[in-house]
Amino acid sequence: MRPNLVSIFVSIFFVLVAVSAAGCGGGDGLARVAVSGSVTIAGEPVPNGVVRFKPAEGTEGPMANTMITDGRYDIPAEQGPVAGNYTAQVQAYQDPNAASAAPAAVARPAVASDKLGPKTSSDELDEEAAPAVPQAPKESKRTFNVTIPELSSFEQDFAL
């Protein structure tokens, strides 16, 4: 009995799917390291920011980065750097919800509104204190030289 053409194509399709699925192990074959730690400024946890590990000259591997949240960062092994020398860039941002010094209220010169007619709603708004304008978040950025050892996980703290 001769196999029909459709069954041959279906068989080839399933063989190709099986072969390609075998190559999708979820990794890139690199021995990556999980990296975590704390980030502080003047001993206080950094509310938010970014940590980037860029390979230094002589280190072959991808860059790894993550967000700082409440003074901590965590890069899982599957996204982490490989062992070697890195330039770590730590960028911290001031918490935009933190209390900041509001500008002083702007006083408006007195207006003889009785001579100009009744006050309008815009006159009343002008006499009230100007709304506080939040200051732009401050930024702190620093670079460190870090050697990541051949371990499954590594703890590296940064003090800015």
# chains A, B, ... in the order shown; residues from 1 in each chain; ligands from 1
$ residues_around --residues "A:Arg142" --least-positions-apart "4" --cutoff "10 Å" --atoms "only C-alpha atoms" --output "short mmCIF file (atom, residue, chain, number, x, y, z; two decimals) with N, CA and C atoms, in the first residue's frame"
data_model
loop_
_atom_site.label_atom_id
_atom_site.label_comp_id
_atom_site.auth_asym_id
_atom_site.auth_seq_id
_atom_site.Cartn_x
_atom_site.Cartn_y
_atom_site.Cartn_z
N VAL A 51 18.70 49.20 38.31
CA VAL A 51 20.06 48.65 38.41
C VAL A 51 20.36 47.97 37.08
N ALA A 88 28.25 48.23 36.99
CA ALA A 88 26.87 48.32 37.49
C ALA A 88 26.48 49.79 37.57
N GLN A 89 25.43 50.14 36.87
CA GLN A 89 24.89 51.49 36.93
C GLN A 89 23.65 51.46 37.80
N VAL A 90 23.67 52.24 38.86
CA VAL A 90 22.54 52.31 39.78
C VAL A 90 21.95 53.70 39.69
N GLN A 91 20.69 53.76 39.33
CA GLN A 91 20.00 55.04 39.14
C GLN A 91 18.80 55.04 40.08
N ALA A 92 18.81 55.98 41.01
CA ALA A 92 17.74 56.09 42.00
C ALA A 92 16.92 57.34 41.74
N PHE A 158 24.28 48.19 47.20
CA PHE A 158 24.82 49.44 46.71
C PHE A 158 24.42 50.57 47.65
N ALA A 159 25.40 51.40 48.03
CA ALA A 159 25.15 52.60 48.83
C ALA A 159 25.53 53.81 47.97
N LEU A 160 24.55 54.65 47.68
CA LEU A 160 24.80 55.82 46.83
C LEU A 160 25.19 57.02 47.67
#
$ closest_residue --among "A:Asn65, A:Thr59, A:Thr87, A:Ser140" --to "A:Ile41" --atoms "only C-alpha atoms"
A:Ser140
